[in-house]
Each structure stands twice: as C-alpha cells, then as structure tokens.
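Down below is the structure, laid out as structure tokens.
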Amino acid sequence: MRFPSSRGDTTQWKRDAMRFMNQYFLLIACLQLWSSITPVSPATTWGPLAIIFIVSASKEAWDDYNRYLSDKKANEREVLVIKAQDIHVGNIVWLYQNDEIPCDLVLIGTSDPQGICYVETAALDGETDLKTRIVPSICANLSPDQLGRVKGVVECSNPDNDIRRFDANMRLFPPIIDSEKCPLTINNTLLQSCYLRYTEWACGVAVYTGNQTKSGMSRGTAEPKLTAADAMIDKLTVAIFMFQIVVVLVLGFAGNIWKKNQGLKVTLDLSKAYISVSFSTAISEDLGQVEYVLSDKTGTLTENRMIFRRCCISDILYGENNEDALKDARLLDAVSRNDPDIVKFLMVMALCNTVVPIKSNDGTITYQAQSQDEEALVTAASKLNMVLISFNGSKFYYDLLDILEFTSDRKRMSAVVKDVQSGKILLLSKGADEAILPRCHQGQQIRTYLETVEMYSQLGLRTLCLGWRELEEDEYKDWSKTFQDASCSLENRERKIAEVCHRLEQDLQILGVSAIEDRLQDSILVSLSEPNGQLLSINGKTEHDVLRSLERALSTMKSMSVTKLVGLLKSVGYLTLAIGDGGNDVRMIQEANIGVGISGREGLQAARAADYSIGKFKFLKRLLNPTTFAGWFGRSVYHIKHFNWCQRGDGICHALVVFLTTICAYSDEKSEIEELSMVALSGCIWLQAFVVTLDTNSFTYPQIILIWGNFVAFYMINLILIVAVGMGPVLALRYFRNMFRPNAINILQQIEQANGHTHTTRNMESRIKSAGSYLTHLLADSRRNRGATYQPLLSDSVASNG
C-alpha cells in the first residue's frame, strides 16, 4: 500500500509553467547559431543557458529527493497482516501499543476485556487528547483465536473526508456467529495517521486504504504554486519576445537586448536555493509580498491549554474579583452547603462529556478528553469536589444510556443518564449560547445569561451554556427506538440523527454559563483589518434588491470556511499565507500561495503539507523578513530587495520599465548603454523609495528610517566605496612618490610651503641642491620662451630661498 506524498510531484508542473520561457531562450540560442542574422557569438548564449538549466534542474531535483526520502520512510513501515503482505480492503490488521495506524480500520477486538482502546488523533484533527474507540457489540465476545478466522460483511458508504462520521453496518457469518446487522459509527473505527495508546494490542478489518482513507481524502491533491515572480517573469518573457520580434525586424537589436538581460533567472534561482529554509525552494521571493495571513485561533495562536476561569450560575457571577472562580469564596461556600443549583451545574460539567478517567498507581486521577474544553470542565468540577461522580464524600451512580454527539451544525452535545438510586432519567446538555439558550423551557428568563456570554466573549474567554431536564420513561423509550433506527440508516444518517436529537433537546432548564481561558502564545499581537478590494458584491437599484444582496452576502459569510476564504482572497489578486498546526489545517495551507506549518503538540501533518515549517507562530515574523534577521546576509542582488519591499511586484515592474525604456531610447553605442544602465539603476533607487512610500498605509519612525534611510545609505555607501577604491591607490602613489622621488614641481611646492620659516631643514637643503641642475635648465628655458619679464622674479625667488 503506497502512501501519497503530501505535496505531490512539483517538478512536472514546474516544467509546464516554465515551458514557454525555456522554449523562448532555446529559440534565441538557436537563432544565434545562424551567423548571417546575428553578430553575437553563440558561446555568450549557450553558456548562460546551460547554467540556467543546470541550476534549475539541480534545485528541483534536490526538492524531489527530499520528498522521496520522506515518502520512502512512510511506505517501508512494517505492519502485521494476517492474510496478505500488503494491506488490501478486507484484510485483518493487528496493531500493538504506540503503533501508527496504516489505514482506516473497523475495530473488531482489543486486549481490554471491555473491548475499548485509546487512540491519539493529534496528527489527524489537531487535538492532543486521547479518544476512546469501542469494539462493536457483535464482536464483543470473540476470542483472539476467532479474530483471525472471522468472516462477515461490512456495508459502508463511498470514501469521504469527514473524519467525524462513519456510517456502516456489520454482519458476521457462521460458524462464528449469526446475527442481525449491527450499526457502526466513527467510535468503532481506527483512522489512518492516528496512534494506538495505552492498549496492548488491537485488531481491525481494513475498509479504506491508500488515497481512499479519510486522511487521504482530506489531504487532497496539492495545487501547483507558481510564485508571483515566476508568473511575472513568464508574462514579461512573452512581452519581451513580441518586443524583440519588432526590434529584430526594424533594428536588428534583439540579440543584444536579450544578452543584457539573460542573467536574471539564474541569479534568482541561486539566491532561492542558497537562503531557503523551506521544503520547496521555488517561492522564497513571495515571502516579502504577503498581504494577508490566515490562521485559526486554537493551537496556532494560543497555547491550547484550557483553564476554567469564570462562571455564572443562577444569575450569580463567580470569579469576578480575582478572575478565578475556583478561588471565589461565595462559590466555595455554596459547594459546602450543597446548593441544589450548584450541584446540578457541577453534575453537568462532570457527566456531559466523553472524558476517560485514568487512575494511576498512587491513586491520583487524570483525565483524557476529546477536547481541551471538556478536560478543563471535568478538572474544574473535580477541584470543587465533584469527581466523576463523588460529591462532598457522597457517591452517586449513573448509567450512561446515550451520547448525542457534538457536530459543527448542532454546536452542542448531550448525554442521557439514569440515576441508579432514584431511577430518574436525565438529559444533560452543553454547547454554544445560540444552540442552548433558545431551547430553554417556557417562562425562564435568560437575559442575564445573554449579557454574561457577551461580556465573557469580549474578555476573550470561550463560553459554554449548560442545561438539563428530567425525561419520562415512556418518552425516553419511544425516543430511543427512533434514535436506534436513525443510527442504522445507510442514507442521510447524519441528518436523521440530528432531527431525532433535536426533538429530545427541548424545554431545557438553563443552569448557567462557563468561561474557559485559552491564552495567546508569547509575542502574539492580534489585529484585524479589512481587505482593500471588494470581496462580496452588494448592489441593487431598489431597496428590495439591496436587501436581497445583503442576505446573500451574509449567507455566504456564514457558510464560508477558511479554505473558501483563502480562494476568495486569491481570486481578487491578494497574495495569501496560511498557517496552521493540525491536520484540519492542511487544506487551507495547500490552498494559500504560501503554506506554513507549525510543528509541535498537534503533530506533523500541517508541517509535512506546508511549504515552510516553524516551531511557533512568533517565528513567522522572522520568516517573512529573512534578510532583516540575517543581518542582510545573502542579499547580493538589487532586485531581491524589490521583492521584500514592494508587494505585487510593483517595484520590479517600475524598475524594468525604466531600465528597458532607457536602453531602447539610447542604444547607439555600447559605452552609452553601460553608462545609461547606471543612470537607470539610480532612477530605480528613487522610484523604489516613492513607490514604497505610496504603498504605506500608516507611517511610523521605523518605516520612515527603513525607506528613506535605505535610500540615503545607498548613495553614502557608494560614495564611500568610490572614493576609497578609486582615489585611495592614487593618493597613496602620489604620497610615496613625493616622499622618495619628487620632481621639480614637487620641490618648488615644498619650497613655497617652507616660505616664512627662519630656517630650512637639512632635508630641504639636500633636495634643493640635488635638483640644482634641473632648476638651472628650467630657468634657461623660461628666459628663451617667456622673455626677460619673468627672469628677475624666478631668480629672486630662488635666491631668496637659498
């Protein structure tokens, strides 16, 4: 069974994207072999062209080799299979503790007598807590020997990417057992990429393998990512090609123009390969052009550690003074008095969940939950003496009858339990305020709870509303039969179950609101901004038309996922970056122009599917500004700075326009082209400063210093370099010549400088005597050529100085 690469084969699409450019350069190189139409030597073209192909091919080969090693490691993992060497649908697969699950399995046996096992799904859905999986009741009594010989049929729907739903039925054949159909849910499955934990062994039958697993379906096919620079270079290549055709026909300068510009692509590839810190070295220059960063909140921006902070029970707010309800004296006093409302609230916190308590050898109890919120609620209840389920020393026993699971549509979960002592059947519910509060019983006032939810939300706390009601036994029996029928349905099972749950979750007594804190990571500052462009169109000629347009826009926004949102931003021309830490973020990461995965507590699914991998969200700043944090090391070409400064390639477009326009206007001689190239580069410096200034929405001192300080520094550094390199050797040569081999002019200058001194040095006297014959000759020439007018002056001058 082959495991698919998380990023796909990028070499092929890269070649397709660059096909026209390569064909263009190859055409120019072939034309230069025709000596009658070009004065340029073919070596000047074929040499750089060979370097281009070698650099590009080497870089892409290195990327593909790294992906090959990663896939090879996953594909060569050994798995114990009963019936075949490779896993196929219908094979029985044995797993042991800490094994990674190789495909989607229906659990048929475990080492636990009760038929349960624990799996870690962090790599699949980003949740670090263990989840409980249960052997179907039809397989509960099978021995390990029978598991290897069991025969039966599993009826399941076509493969899909919903990791929280599995609609299927199972029926076993004699001689093991002969029974009716048994409904299967996601709780009876082991999904690919998860890990078996705290279970000695488990056995399952393969139902989906390879790309048909839920993990494979969720991962999808990585879309090819062509950087803005590559796309712009492709367009410029087409424009240059057409431009050169005209120039060849009219002026015959196509070869010379291409020769002056042929080094751009090689420099980019070398820079990308050298400074890259990514799985794909093809998109480094896009980092400085990112306009929108998209991310979920939990895990990526927060620490993903939930802490119970506040609550509102019976219209009383707890935890307001010290921001910790567990230390509120009023709540502790109400717990000690066995306040009925407090007891009910804590009971829902302790029972309405899927938490698995684990008791260690020293007697302490820890909790493993499907969500951090549930763990925080159960832990908080235990600190208030409600320990699954012992309250103030008195033990209460409840039978768990049914779990009405949480879904993104329902936004709530419920549990039906039976009090063993009294025989009462209770419905316990918790969920979002919009899913629980409207279901209160008629006459209950919920205004305080609505205001409390709004206040907690403004403080950045995660809120849950809790409620309950007592069920009549006949009502529950009728509902339970309907619920069982819906659970066994092979068509529209999820919708039917939701309808049945909706009928039961009515007329609730609202007990209160809980508030949980999920702190932001260090160095995280969150700010919101609206896109500059128009993402959703709202128009109409009449009030009715505008109202309908608004309704459509609101409906679109409510149903919009992050991955749809990324595509919407890309469709209007924005360059996006998506960052996530879990398997649920993979589609978003692949959809964005640049994908960044955080490798940490949530596994490596996001990191493997991303273009870049970092440890924490705060490192994103260093990734987007690599040259700044690297001390500008490696930025050896000027146009790379345009990519880091100007978004959407404005800077380089302006620079190329100035450069090409200048060359086309003044292309008479080679020397003029070289001089005007420097003029164009200087113009690009000015242009860059003004373009970046216009693109800046708000000005701060660091921005002004970086924009105009870079502008000033360019000229200052060039001035210093020119003076040091150009004038340094000349001044040094003149100094040493004046000191050791002075000519007559140097001696006269030194004599003139010595005027006014009473005594001359011996060094000066020796120099004058050594130059006496030359001075005599010089004076004689002056008399002949310039006349007697100058003779007295020169004679007096010499005489007066010795």
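If you're wondering about the labels, chains in the structure tokens are A, B, ... by order shown, residues count from 1 in each chain, ligands from 1 in order shown.
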List every residue of region 296-545 of chain A that DSSP, applied to the backbone, labels as strand (DSSP E), and write the result as a PyMOL selection string. chain A and resi 302-313+316-318+356-359+365-368+386-387+390-391+394-395+398-404+412-419+425-431+462-471+509-520
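Minimum distance to Val513 (chain A) across A:Ala123, A:Ala369, A:Ile446, A:Leu569 (counting only C-alpha atoms) occurs at A:Ile446.
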Mind pulling up the distance from CA of Gln368 (chain A) to CA of Tyr318 (chain A)? 26.6 Å
Show which residues sit within 8 Å of Gly467 (chain A), as a PyMOL selection string. Count only C-alpha atoms, and ignore same-chain residues fewer than 4 positions away. chain A and resi 345+348+428-430+436+508-512
For those residues, write N, CA, C and O atoms to a file as a tab-separated table (two decimals), in the first residue's frame.
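Output below, filename again19.tsv:
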```tsv
chain	number	residue	atom	x	y	z
A	345	PHE	N	-25.24	22.16	38.29
A	345	PHE	CA	-24.27	22.73	37.36
A	345	PHE	C	-22.99	21.88	37.31
A	345	PHE	O	-22.48	21.55	36.24
A	348	VAL	N	-23.52	18.44	35.53
A	348	VAL	CA	-23.47	18.51	34.07
A	348	VAL	C	-22.02	18.64	33.61
A	348	VAL	O	-21.60	18.01	32.63
A	428	LEU	N	-28.68	15.78	29.96
A	428	LEU	CA	-27.70	16.80	30.30
A	428	LEU	C	-27.14	17.37	29.00
A	428	LEU	O	-26.71	16.60	28.13
A	429	SER	N	-27.12	18.70	28.87
A	429	SER	CA	-26.70	19.33	27.61
A	429	SER	C	-25.72	20.47	27.88
A	429	SER	O	-25.82	21.16	28.90
A	430	LYS	N	-24.79	20.64	26.93
A	430	LYS	CA	-23.90	21.80	26.96
A	430	LYS	C	-23.56	22.17	25.52
A	430	LYS	O	-23.54	21.31	24.64
A	436	ILE	N	-28.05	26.51	22.84
A	436	ILE	CA	-28.64	26.07	24.12
A	436	ILE	C	-29.70	27.03	24.61
A	436	ILE	O	-30.82	26.61	24.98
A	508	LEU	N	-35.33	22.88	28.01
A	508	LEU	CA	-34.25	22.71	28.98
A	508	LEU	C	-34.33	23.75	30.09
A	508	LEU	O	-34.79	24.89	29.87
A	509	GLN	N	-33.86	23.38	31.26
A	509	GLN	CA	-33.65	24.34	32.34
A	509	GLN	C	-32.20	24.80	32.26
A	509	GLN	O	-31.28	24.02	32.46
A	510	ILE	N	-32.00	26.08	31.94
A	510	ILE	CA	-30.65	26.62	31.80
A	510	ILE	C	-30.04	26.77	33.19
A	510	ILE	O	-30.59	27.47	34.05
A	511	LEU	N	-28.90	26.12	33.41
A	511	LEU	CA	-28.25	26.14	34.72
A	511	LEU	C	-27.23	27.26	34.83
A	511	LEU	O	-27.01	27.80	35.93
A	512	GLY	N	-26.55	27.63	33.74
A	512	GLY	CA	-25.55	28.68	33.82
A	512	GLY	C	-24.62	28.68	32.64
A	512	GLY	O	-24.83	27.98	31.64
```
Counting only C-alpha atoms, which of A:Ser422, A:Ala435, A:Arg309, A:Thr354 gets nearest to Ser514 (chain A)? A:Arg309
Of the candidates A:Asn188, A:Ser549, A:Gln605, A:Ser613, which shows the shortest atom-to-atom distance to Asn584 (chain A), using only C-alpha atoms? A:Gln605
All alpha helix (DSSP H) residues (DSSP, backbone) inside region 106-254 of chain A, as a PyMOL selection string: chain A and resi 122-125+144-147+214-219+228-250+254
Export C-alpha atoms of the chosen residues as a short mmCIF file (atom, residue, chain, number, x, y, z; two decimals), in the first residue's frame?
```cif
data_model
loop_
_atom_site.label_atom_id
_atom_site.label_comp_id
_atom_site.auth_asym_id
_atom_site.auth_seq_id
_atom_site.Cartn_x
_atom_site.Cartn_y
_atom_site.Cartn_z
CA ALA A 122 -3.40 14.81 17.01
CA ALA A 123 -1.88 14.15 13.59
CA LEU A 124 -5.37 13.94 12.06
CA ASP A 125 -7.51 16.65 13.66
CA PRO A 144 -8.13 -13.75 19.85
CA ASP A 145 -8.12 -17.11 18.03
CA GLN A 146 -11.51 -16.40 16.47
CA LEU A 147 -10.42 -12.94 15.29
CA LYS A 214 -10.31 9.74 5.36
CA SER A 215 -6.86 11.20 5.89
CA GLY A 216 -6.03 10.78 2.20
CA MET A 217 -9.36 12.27 1.10
CA SER A 218 -8.89 15.23 3.46
CA ARG A 219 -5.38 15.84 2.24
CA ALA A 228 4.33 35.92 -8.32
CA ALA A 229 7.88 36.46 -9.56
CA ASP A 230 7.73 33.38 -11.83
CA ALA A 231 4.33 34.40 -13.18
CA MET A 232 5.55 37.92 -13.78
CA ILE A 233 8.71 36.65 -15.48
CA ASP A 234 6.56 34.44 -17.74
CA LYS A 235 4.42 37.42 -18.75
CA LEU A 236 7.46 39.60 -19.23
CA THR A 237 9.02 36.85 -21.35
CA VAL A 238 6.03 36.90 -23.71
CA ALA A 239 6.10 40.70 -23.87
CA ILE A 240 9.86 40.74 -24.46
CA PHE A 241 9.50 38.10 -27.16
CA MET A 242 6.98 40.19 -29.08
CA PHE A 243 9.05 43.29 -28.47
CA GLN A 244 12.18 41.62 -29.79
CA ILE A 245 10.40 40.41 -32.92
CA VAL A 246 9.62 44.04 -33.74
CA VAL A 247 13.14 45.13 -32.86
CA VAL A 248 14.70 42.34 -34.98
CA LEU A 249 12.61 43.30 -37.99
CA VAL A 250 13.22 47.01 -37.57
CA ALA A 254 17.09 41.53 -30.43
#
```
Quick one: residues within 10 Å of Glu100 (chain A), only C-alpha atoms, excluding same-chain residues fewer than 4 positions away - as a ChimeraX atom specification? /A:77,79,95-96,119-120,191-197
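Each of A:Arg171, A:Arg330, A:Val356, A:Ile589 was checked against Tyr118 (chain A) using only C-alpha atoms; the smallest atom-to-atom distance is that of A:Val356.
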Taking into account only C-alpha atoms, which residue in the set A:Met349, A:Val153, A:Cys311, A:Met727 is nearest to Glu374 (chain A)? A:Met349
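Distance check against Asp167 (chain A) using only C-alpha atoms: of A:Thr185, A:Asn385, A:Thr209, A:Asn539, the minimum falls on A:Thr185.
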